Amino acid sequence: MQLILSLQDISYAYHNLKGETPALSHISFEVFQGEFLAIVGPSGCGKSTLLSIIAGLLTPEKGDLFYKGEYITDCGPGEIKQIGYMLQRDHLFEWRSVYKNVILGLELNHTLTQENIDYVTQLLIDYELYAFKDKKPSELSGGMRQRAALIRTLATHPDLLLLDEPFSALDSQTRLNVSADIAQIIRKTNKTAILITHDLSEAITLADRVLVLSKRPASIIYEMPIQFSVERHDPMKVRNTAEYQLYFNQLWEVLTNEQPITQPI
């Protein structure tokens, strides 16, 4: 598998007049093509800071970050566009139709070609939003809005998707269904994804691998590969397996004790 992303000994601290607040401490991991990685940890430990560094929005104070073998700060504009960032809220503009919202990135990148228009149209058809393309965002359900936000992100053909708790604003039932739906979309398009979440069940159900961060300053205290004997299109079926319960218990134990360990419990 192709190595997409490599973080080597990344550290970061926020600075103000009162001093510094360490956020990340010696973070190292790799992500490969087509992998779905979930990162969990205590609230405020620095998960979103980590995504901002990967996206190139923040520069690490220490360590090296490589995207497809190149320093991420040295990537040209074309390379940076291959990273898509999906935030906690969909940030759809109410004065634009659903269609106008999903092509926004293409307009900003000056890549609104017929080929890309056809690609977006097909995404809208595939994910049951084409009939709503002329509607305003307020006319969509929460799950439909999230699918529209994902299509907007996919429209620019990113190789790597950064998902910063994109389902947190949804109710429990919608969140369960939409998260599984979007994970299937990501896998079907063979995209590489990094998901930040507070929800252990969500991480286990969606990811191929889970990293656990300690409290701030965050370091990686556990890494767990995830495999199931059942298909993942039905999240409730996944959560009823013995594997799921074992994974959940292991992650809960790590987060509760916050002790670095190298072997499964």
# chains A, B, ... in the order shown; residues from 1 in each chain; ligands from 1
call {"tool": "residues_around", "arguments": {"residues": "Phe132 in chain A", "least_positions_apart": "6", "cutoff": "12 Å", "atoms": "only C-alpha atoms", "output": "JSON, numbers by chain"}}
result
{"A": [97, 98, 99, 100, 101, 102, 121, 124, 125, 138, 139, 140, 141, 144, 145, 147, 148]}
call {"tool": "write_last_selection", "arguments": {"atoms": "C-alpha atoms", "output": "PDB file, in the first residue's frame"}}
result
ATOM      1  CA  SER A  97     -28.687  25.951  -3.430  1.00  0.00           C
ATOM      2  CA  VAL A  98     -27.430  22.479  -2.539  1.00  0.00           C
ATOM      3  CA  TYR A  99     -25.850  22.230  -6.002  1.00  0.00           C
ATOM      4  CA  LYS A 100     -24.186  25.635  -5.669  1.00  0.00           C
ATOM      5  CA  ASN A 101     -22.858  24.597  -2.256  1.00  0.00           C
ATOM      6  CA  VAL A 102     -21.286  21.346  -3.466  1.00  0.00           C
ATOM      7  CA  THR A 121     -23.758  15.304 -10.598  1.00  0.00           C
ATOM      8  CA  LEU A 124     -25.544  13.704  -6.063  1.00  0.00           C
ATOM      9  CA  ILE A 125     -27.331  10.870  -7.887  1.00  0.00           C
ATOM     10  CA  SER A 138     -32.563  24.566   5.498  1.00  0.00           C
ATOM     11  CA  GLU A 139     -34.873  22.295   3.510  1.00  0.00           C
ATOM     12  CA  LEU A 140     -32.648  19.243   4.117  1.00  0.00           C
ATOM     13  CA  SER A 141     -32.463  16.919   7.095  1.00  0.00           C
ATOM     14  CA  MET A 144     -28.712  15.038   4.054  1.00  0.00           C
ATOM     15  CA  ARG A 145     -26.773  18.188   4.921  1.00  0.00           C
ATOM     16  CA  ARG A 147     -23.904  14.087   2.788  1.00  0.00           C
ATOM     17  CA  ALA A 148     -23.953  17.381   0.871  1.00  0.00           C
TER      18      ALA A 148
END
call {"tool": "residues_around", "arguments": {"residues": "Ser6 in chain A", "least_positions_apart": "3", "cutoff": "10 Å", "atoms": "only C-alpha atoms", "output": "ChimeraX atom specification"}}
result
/A:3,9,28-32,54,64-72
call {"tool": "residues_around", "arguments": {"residues": "Thr153 in chain A", "least_positions_apart": "3", "cutoff": "12 Å", "atoms": "only C-alpha atoms", "output": "ChimeraX atom specification"}}
result
/A:81-87,90-92,101-106,120,123,146-150,156-163,182,186,191,193
call {"tool": "select_by_dssp", "arguments": {"residues": "range 34-261 of chain A", "states": "strand (DSSP E or B)", "output": "PyMOL selection string"}}
result
chain A and resi 36-40+62-67+70-71+83-86+160-164+192-196+209-213+218+220-225
call {"tool": "closest_residue", "arguments": {"among": "A:Pro225, A:Gly143, A:Gly34, A:Gly41", "to": "Ile194 in chain A", "atoms": "only C-alpha atoms"}}
result
A:Gly34
call {"tool": "residues_around", "arguments": {"residues": "range 246-250 of chain A", "least_positions_apart": "6", "cutoff": "10 Å", "atoms": "only C-alpha atoms", "output": "VMD selection string"}}
result
chain A and resid 200 to 201 203 to 205 210 222 224 to 227 239 256 264 to 265
call {"tool": "residues_around", "arguments": {"residues": "Ser43 in chain A", "least_positions_apart": "6", "cutoff": "12 Å", "atoms": "only C-alpha atoms", "output": "ChimeraX atom specification"}}
result
/A:23,165,196-199,213-218,255
call {"tool": "atom_distance", "arguments": {"atom1": "CA of Phe36 in chain A", "atom2": "CA of Thr192 in chain A"}}
result
5.9 Å
call {"tool": "residues_around", "arguments": {"residues": "Leu206 in chain A", "least_positions_apart": "6", "cutoff": "10 Å", "atoms": "only C-alpha atoms", "output": "ChimeraX atom specification"}}
result
/A:36-38,179-184,195,226,232-233,235,238
call {"tool": "closest_residue", "arguments": {"among": "A:Leu5, A:Ala13, A:Met236, A:Ala242", "to": "Cys45 in chain A", "atoms": "only C-alpha atoms"}}
result
A:Ala13
call {"tool": "atom_distance", "arguments": {"atom1": "CA of Ile220 in chain A", "atom2": "CA of Thr241 in chain A"}}
result
26.8 Å
call {"tool": "select_by_dssp", "arguments": {"residues": "range 31-261 of chain A", "states": "helix (DSSP H, G or I)", "output": "ChimeraX atom specification"}}
result
/A:47-54,72-74,77-80,98-102,104-108,114-126,130-132,137-139,142-154,172-188,200-206,235-239,242-257
call {"tool": "closest_residue", "arguments": {"among": "A:Val178, A:Pro42, A:Gln2, A:Asn109", "to": "Asn257 in chain A", "atoms": "only C-alpha atoms"}}
result
A:Pro42
call {"tool": "closest_residue", "arguments": {"among": "A:Ser219, A:Gln88, A:Ser48, A:Gln8", "to": "Ser168 in chain A", "atoms": "only C-alpha atoms"}}
result
A:Gln88
call {"tool": "atom_distance", "arguments": {"atom1": "CA of Ile4 in chain A", "atom2": "CA of Glu115 in chain A"}}
result
25.4 Å
call {"tool": "closest_residue", "arguments": {"among": "A:Ala207, A:Glu128, A:Leu176, A:Thr189", "to": "Lys237 in chain A", "atoms": "only C-alpha atoms"}}
result
A:Leu176
